[in-house]
Every structure is written in structure tokens, then in C-alpha cells.
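Heads up, protein.cif below (mmCIF, C-alpha atoms):
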```cif
data_model
#
loop_
_atom_site.group_PDB
_atom_site.id
_atom_site.type_symbol
_atom_site.label_atom_id
_atom_site.label_comp_id
_atom_site.auth_asym_id
_atom_site.auth_seq_id
_atom_site.Cartn_x
_atom_site.Cartn_y
_atom_site.Cartn_z
ATOM 1 C CA THR O 1 -30.404 21.842 9.248
ATOM 2 C CA ASP O 2 -28.994 19.579 11.928
ATOM 3 C CA GLY O 3 -27.700 16.301 10.554
ATOM 4 C CA CYS O 4 -26.015 17.617 7.420
ATOM 5 C CA LEU O 5 -23.201 15.674 5.808
ATOM 6 C CA ILE O 6 -20.497 17.720 4.091
ATOM 7 C CA ILE O 7 -18.040 15.905 1.843
ATOM 8 C CA GLY O 8 -15.241 17.658 0.016
ATOM 9 C CA THR O 9 -11.603 18.273 -0.693
ATOM 10 C CA ALA O 10 -9.402 21.159 0.356
ATOM 11 C CA GLY O 11 -10.247 22.773 -2.985
ATOM 12 C CA SER O 12 -13.906 23.199 -2.022
ATOM 13 C CA GLN O 13 -14.994 26.645 -0.819
ATOM 14 C CA ILE O 14 -17.093 25.270 2.039
ATOM 15 C CA ILE O 15 -14.179 23.088 3.239
ATOM 16 C CA ARG O 16 -11.791 26.069 3.087
ATOM 17 C CA ASN O 17 -14.126 27.980 5.414
ATOM 18 C CA LEU O 18 -14.122 25.295 8.104
ATOM 19 C CA PRO O 19 -11.681 25.138 11.023
ATOM 20 C CA GLY O 20 -8.809 22.730 10.411
ATOM 21 C CA HIS O 21 -8.921 22.954 6.621
ATOM 22 C CA ASP O 22 -5.286 24.033 6.554
ATOM 23 C CA THR O 23 -4.187 20.651 7.972
ATOM 24 C CA LEU O 24 -5.679 18.586 5.127
ATOM 25 C CA SER O 25 -2.522 18.784 3.020
ATOM 26 C CA ARG O 26 -0.631 16.643 5.554
ATOM 27 C CA LEU O 27 -3.093 13.781 4.945
ATOM 28 C CA GLY O 28 -1.558 13.067 1.544
ATOM 29 C CA GLU O 29 -3.521 11.875 -1.463
ATOM 30 C CA GLU O 30 -5.301 9.008 0.320
ATOM 31 C CA GLY O 31 -5.794 10.284 3.870
ATOM 32 C CA PHE O 32 -9.065 11.688 5.194
ATOM 33 C CA THR O 33 -10.749 13.089 8.265
ATOM 34 C CA ILE O 34 -14.272 12.468 9.537
ATOM 35 C CA ARG O 35 -15.516 14.610 12.375
ATOM 36 C CA ASN O 36 -18.543 16.206 13.909
ATOM 37 C CA ILE O 37 -18.869 19.923 13.289
ATOM 38 C CA THR O 38 -21.131 22.793 14.177
ATOM 39 C CA LEU O 39 -21.731 25.188 11.301
ATOM 40 C CA ASP O 40 -23.940 28.232 11.748
ATOM 41 C CA GLY O 41 -25.329 26.645 14.910
ATOM 42 C CA LYS O 42 -26.248 23.407 13.127
ATOM 43 C CA LYS O 43 -24.640 20.057 13.892
ATOM 44 C CA GLY O 44 -23.340 17.823 11.166
ATOM 45 C CA ILE O 45 -20.566 15.560 9.979
ATOM 46 C CA ILE O 46 -17.730 16.395 7.622
ATOM 47 C CA ILE O 47 -15.663 14.044 5.515
ATOM 48 C CA ALA O 48 -12.690 15.976 4.173
ATOM 49 C CA ALA O 49 -9.466 15.160 2.367
ATOM 50 C CA ALA O 50 -6.734 16.811 0.374
ATOM 51 C CA ALA O 51 -7.602 14.814 -2.772
ATOM 52 C CA ASN O 52 -10.458 12.863 -4.347
ATOM 53 C CA ARG O 53 -8.890 9.509 -3.509
ATOM 54 C CA GLY O 54 -8.953 10.441 0.179
ATOM 55 C CA ILE O 55 -12.641 11.289 -0.184
ATOM 56 C CA LEU O 56 -13.272 7.860 -1.724
ATOM 57 C CA TYR O 57 -11.646 6.096 1.229
ATOM 58 C CA GLY O 58 -13.298 8.440 3.736
ATOM 59 C CA VAL O 59 -16.780 7.836 2.358
ATOM 60 C CA PHE O 60 -16.258 4.070 2.408
ATOM 61 C CA TYR O 61 -15.044 4.349 6.018
ATOM 62 C CA PHE O 62 -18.141 6.370 6.932
ATOM 63 C CA LEU O 63 -20.421 3.825 5.241
ATOM 64 C CA ARG O 64 -18.789 1.080 7.335
ATOM 65 C CA LEU O 65 -19.552 3.125 10.472
ATOM 66 C CA LEU O 66 -23.191 3.355 9.423
ATOM 67 C CA GLN O 67 -23.481 -0.300 8.430
ATOM 68 C CA THR O 68 -21.970 -1.490 11.709
ATOM 69 C CA HIS O 69 -24.182 0.843 13.761
ATOM 70 C CA ARG O 70 -21.257 2.745 15.301
ATOM 71 C CA PRO O 71 -22.108 5.896 17.271
ATOM 72 C CA LEU O 72 -21.774 9.092 15.241
ATOM 73 C CA ARG O 73 -21.954 11.643 18.078
ATOM 74 C CA ALA O 74 -18.265 12.156 18.802
ATOM 75 C CA LEU O 75 -16.478 11.505 15.527
ATOM 76 C CA ASP O 76 -12.889 12.676 15.305
ATOM 77 C CA ILE O 77 -11.225 10.268 12.890
ATOM 78 C CA THR O 78 -8.112 10.924 10.871
ATOM 79 C CA GLU O 79 -6.694 8.149 8.710
ATOM 80 C CA ILE O 80 -3.508 8.205 6.678
ATOM 81 C CA PRO O 81 -2.548 4.902 5.044
ATOM 82 C CA ALA O 82 0.776 3.633 6.391
ATOM 83 C CA TYR O 83 1.659 2.001 3.058
ATOM 84 C CA HIS O 84 1.288 3.543 -0.359
ATOM 85 C CA TYR O 85 0.660 0.198 -2.066
ATOM 86 C CA ARG O 86 -1.979 -2.074 -0.516
ATOM 87 C CA ILE O 87 -2.238 -4.976 -2.918
ATOM 88 C CA LEU O 88 -4.015 -8.317 -3.303
ATOM 89 C CA ASP O 89 -1.918 -10.973 -4.984
ATOM 90 C CA HIS O 90 -3.697 -13.333 -7.371
ATOM 91 C CA TRP O 91 -2.227 -16.684 -8.308
ATOM 92 C CA ASP O 92 -4.015 -16.762 -11.634
ATOM 93 C CA ASN O 93 -2.627 -18.317 -14.786
ATOM 94 C CA LEU O 94 -3.409 -16.915 -18.224
ATOM 95 C CA ASN O 95 -5.577 -19.957 -18.996
ATOM 96 C CA ARG O 96 -7.901 -18.855 -16.100
ATOM 97 C CA ILE O 97 -6.796 -21.678 -13.803
ATOM 98 C CA VAL O 98 -5.947 -20.402 -10.327
ATOM 99 C CA GLU O 99 -2.752 -21.881 -8.974
ATOM 100 C CA ARG O 100 -3.399 -23.077 -5.415
ATOM 101 C CA GLY O 101 -6.961 -21.885 -5.920
ATOM 102 C CA TYR O 102 -9.989 -23.713 -4.669
ATOM 103 C CA ALA O 103 -12.826 -21.439 -5.739
ATOM 104 C CA GLY O 104 -13.116 -22.037 -9.449
ATOM 105 C CA LEU O 105 -11.817 -20.132 -12.431
ATOM 106 C CA SER O 106 -9.977 -16.833 -12.341
ATOM 107 C CA LEU O 107 -11.987 -13.635 -12.245
ATOM 108 C CA TRP O 108 -9.944 -12.402 -15.204
ATOM 109 C CA ASP O 109 -11.433 -13.631 -18.458
ATOM 110 C CA TRP O 110 -8.371 -12.974 -20.573
ATOM 111 C CA PHE O 111 -10.039 -14.372 -23.695
ATOM 112 C CA THR O 112 -12.682 -11.606 -23.815
ATOM 113 C CA LEU O 113 -10.348 -8.741 -22.886
ATOM 114 C CA PRO O 114 -9.757 -6.027 -23.950
ATOM 115 C CA THR O 115 -12.987 -5.897 -25.953
ATOM 116 C CA TYR O 116 -15.415 -7.078 -23.300
ATOM 117 C CA LYS O 117 -14.938 -5.810 -19.745
ATOM 118 C CA ASP O 118 -17.014 -7.845 -17.327
ATOM 119 C CA PRO O 119 -18.942 -5.573 -14.905
ATOM 120 C CA ARG O 120 -17.573 -7.749 -12.093
ATOM 121 C CA TYR O 121 -14.178 -6.077 -12.625
ATOM 122 C CA THR O 122 -15.638 -2.727 -11.545
ATOM 123 C CA ASP O 123 -17.424 -4.395 -8.633
ATOM 124 C CA TYR O 124 -14.150 -6.005 -7.589
ATOM 125 C CA ALA O 125 -12.245 -2.708 -7.788
ATOM 126 C CA ARG O 126 -14.949 -0.942 -5.775
ATOM 127 C CA ALA O 127 -14.987 -3.692 -3.131
ATOM 128 C CA ASN O 128 -11.208 -3.474 -2.806
ATOM 129 C CA ALA O 129 -11.323 0.312 -2.441
ATOM 130 C CA SER O 130 -13.990 -0.012 0.243
ATOM 131 C CA VAL O 131 -11.407 -1.650 2.526
ATOM 132 C CA GLY O 132 -8.408 0.395 1.385
ATOM 133 C CA ILE O 133 -6.921 -2.001 -1.172
ATOM 134 C CA ASN O 134 -5.501 0.020 -4.067
ATOM 135 C CA GLY O 135 -3.935 -2.567 -6.352
ATOM 136 C CA ALA O 136 -3.943 -6.149 -7.569
ATOM 137 C CA VAL O 137 -1.365 -8.504 -9.041
ATOM 138 C CA LEU O 138 -3.173 -10.137 -11.951
ATOM 139 C CA ASN O 139 -1.097 -13.271 -12.336
ATOM 140 C CA ASN O 140 1.160 -15.529 -10.319
ATOM 141 C CA VAL O 141 4.874 -15.672 -9.617
ATOM 142 C CA ASN O 142 5.261 -18.397 -12.258
ATOM 143 C CA ALA O 143 3.655 -16.198 -14.901
ATOM 144 C CA SER O 144 4.062 -16.870 -18.566
ATOM 145 C CA ALA O 145 6.161 -14.354 -20.479
ATOM 146 C CA VAL O 146 3.258 -14.196 -22.961
ATOM 147 C CA ILE O 147 1.694 -11.565 -20.716
ATOM 148 C CA LEU O 148 4.450 -9.179 -21.839
ATOM 149 C CA THR O 149 3.427 -9.301 -25.506
ATOM 150 C CA PRO O 150 1.494 -6.353 -26.968
ATOM 151 C CA ASP O 151 -1.849 -8.188 -27.184
ATOM 152 C CA TRP O 152 -1.692 -9.303 -23.548
ATOM 153 C CA LEU O 153 -0.447 -5.913 -22.341
ATOM 154 C CA ALA O 154 -3.537 -4.395 -23.978
ATOM 155 C CA LYS O 155 -5.670 -6.782 -21.911
ATOM 156 C CA ALA O 156 -3.875 -5.783 -18.686
ATOM 157 C CA ALA O 157 -4.203 -2.105 -19.649
ATOM 158 C CA ALA O 158 -7.976 -2.536 -20.044
ATOM 159 C CA LEU O 159 -8.132 -3.836 -16.465
ATOM 160 C CA ALA O 160 -5.888 -1.004 -15.243
ATOM 161 C CA ASP O 161 -8.297 1.529 -16.780
ATOM 162 C CA ILE O 162 -11.130 0.000 -14.766
ATOM 163 C CA PHE O 163 -9.132 -0.021 -11.509
ATOM 164 C CA ARG O 164 -7.584 3.453 -11.850
ATOM 165 C CA PRO O 165 -10.457 5.473 -10.293
ATOM 166 C CA PHE O 166 -10.532 3.178 -7.254
ATOM 167 C CA GLY O 167 -6.877 2.826 -6.424
#
```
Give the structure from the file, written as C-alpha cells.
Amino acid sequence: TDGCLIIGTAGSQIIRNLPGHDTLSRLGEEGFTIRNITLDGKKGIIIAAAANRGILYGVFYFLRLLQTHRPLRALDITEIPAYHYRILDHWDNLNRIVERGYAGLSLWDWFTLPTYKDPRYTDYARANASVGINGAVLNNVNASAVILTPDWLAKAAALADIFRPFG
């Protein structure tokens, strides 16, 4: 019916049958396109990308359009990130004190990692992805070398596992 929303990568059969599918490969892993289409006489919107990460960013972009009440009648958006790494830099010490921080303790509860993974870590990764951020520096420039020991690397690896799907 009119008003359909089609979301998929170049590997999807329905995407391969649409005009312009052959240009998706030039979007790279994180690029996406959002446009109005007519399919079998029905109007809809397509969010397409070469890879799943592009779909993630495209869907978040589309949700922002909806949430900010942007018009959806003449969509023809193509986004390709200019920088591969889009990172937030934390000034957090391993004792959870934030250097030059004024908002309380660090988000990273190093003393419960890697066993307990606070659900806020996933929320944080998802929020970052929703605005195109794909990485985070967990500590500050004056970091303790302790973070390079096996126990602390296991803690950082636990966080990386949480962030991987989003960035």
C-alpha cells in the first residue's frame, strides 16, 4: 500500500530490484540513502545502504526526521561520513573520577567490569550511534599504565563488545 517503508542492504532481493541499487557500493560501509520511491504504483520510502552499519545510521537519521517533524514528501538524502572515526574523548580516570569533569563519577564502573555490564553502556553506545559517533576513548591523556595489564584489558574488551554493533 501507499506509505510503505523499505529498509535493506544491497544484498536484499527487493533492494536489488529497485532503481539505483547499483550505486550503493560507493556509499561505503557507513553511508546510506533515504528517498521516496514508487513501487508497483505505490508510494513509499526506502532506506538503503551497502552494509548493515549504513542501515543503522540511515534508520537513526530517518527517526530524527520523524521526531523533528520534517517533511517526508521529497526525500532524496545520501550521506557518506567524511571521517571514518568519529569519537568522543572521555577524561575518565580508572578510579572513576572524571578529570576536568563536573557531572559526577565516570560512566565506566571499572570495579564491576568485566563481570557486570551496566545496561547504561548499551544505551550510551546506541545514543552515540544515533548521531553518527562510532567510538569512544575510555580514559584520559594522563592514563595510568595499569589499563594495559591483562585484567584491565579484559574490562576494556567487555566494553568494546558492547559498542561493536553500534560503531
Starting from the shown file, work through the PyMOL selection byres ((chain O and resi 88) around 10) and note down what comes out as a tab-separated table (two decimals) with C-alpha atoms, keeping the file's coordinate frame.
```tsv
chain	number	residue	atom	x	y	z
O	85	TYR	CA	0.66	0.20	-2.07
O	86	ARG	CA	-1.98	-2.07	-0.52
O	87	ILE	CA	-2.24	-4.98	-2.92
O	89	ASP	CA	-1.92	-10.97	-4.98
O	90	HIS	CA	-3.70	-13.33	-7.37
O	91	TRP	CA	-2.23	-16.68	-8.31
O	128	ASN	CA	-11.21	-3.47	-2.81
O	133	ILE	CA	-6.92	-2.00	-1.17
O	134	ASN	CA	-5.50	0.02	-4.07
O	135	GLY	CA	-3.94	-2.57	-6.35
O	136	ALA	CA	-3.94	-6.15	-7.57
O	137	VAL	CA	-1.36	-8.50	-9.04
O	138	LEU	CA	-3.17	-10.14	-11.95
```
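For the pair atom CA of Asn52 of chain O and atom CA of Gln67 of chain O, the separation is 22.5 Å.
Considering all atoms listed in the file, the residue among O:Ala160, O:Thr112, O:Val141, O:Pro165 positioned nearest to Asp92 of chain O is O:Val141.
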Next on the checklist: Going by the chain IDs and residue numbers used in this file, which residues fall under the PyMOL selection byres ((chain O and resi 6) around 10)? Write them as a PyMOL selection string.
Outcome noted: chain O and resi 3-5+7-8+14-15+34+37+44-48
Next on the checklist: Residue by residue, what does the PyMOL selection byres ((chain O and resi 82) around 12) grab here? Present the result as a list of chain:residue names.
Outcome noted: O:Leu27, O:Gly28, O:Glu30, O:Gly31, O:Glu79, O:Ile80, O:Pro81, O:Tyr83, O:His84, O:Tyr85, O:Arg86, O:Gly132
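Taking atom CA of Asn139 of chain O and atom CA of Ala157 of chain O as the two end points, the separation is 13.7 Å.
Using all atoms listed in the file for every distance, the candidate list O:Ala129, O:Asp151, O:Leu159, O:Phe60 yields O:Leu159 as the residue closest to Asp109 of chain O.
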Next on the checklist: What's the separation between atom CA of Leu24 of chain O and atom CA of Ala127 of chain O, in Å to one decimal place?
Outcome noted: 25.5 Å
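Each of O:Ala143, O:Ala156, O:Thr9, O:Leu65 was compared to Trp108 of chain O using all atoms listed in the file, and O:Ala156 turns out to be the nearest.
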Produce the centre coordinates and the three edge lengths, each in Å to one decimal, of the box along x, y and z that contains all listed atoms of segment 115-122 of chain O with 8 Å added on each side, as lines of an AutoDock Vina configuration file.
```
center_x = -16.0
center_y = -5.3
center_z = -18.7
size_x = 22.0
size_y = 21.1
size_z = 30.4
```
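In terms of minimum interatomic distance to Phe111 of chain O, O:Lys155 ranks closest within O:Glu99, O:Val131, O:Lys155, O:Thr149, counting all atoms listed in the file.
Close to (-15.4, 30.6, 11.6), meaning no more than 10 Å away when counting all atoms listed in the file, sit the residues Asn17, Leu18, Pro19, Leu39 and Asp40 of chain O.
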Checklist outcome for this item: Counting all atoms listed in the file, closest pick from O:His21, O:Arg100, O:His69, O:Arg26 relative to Asn142 of chain O is O:Arg100
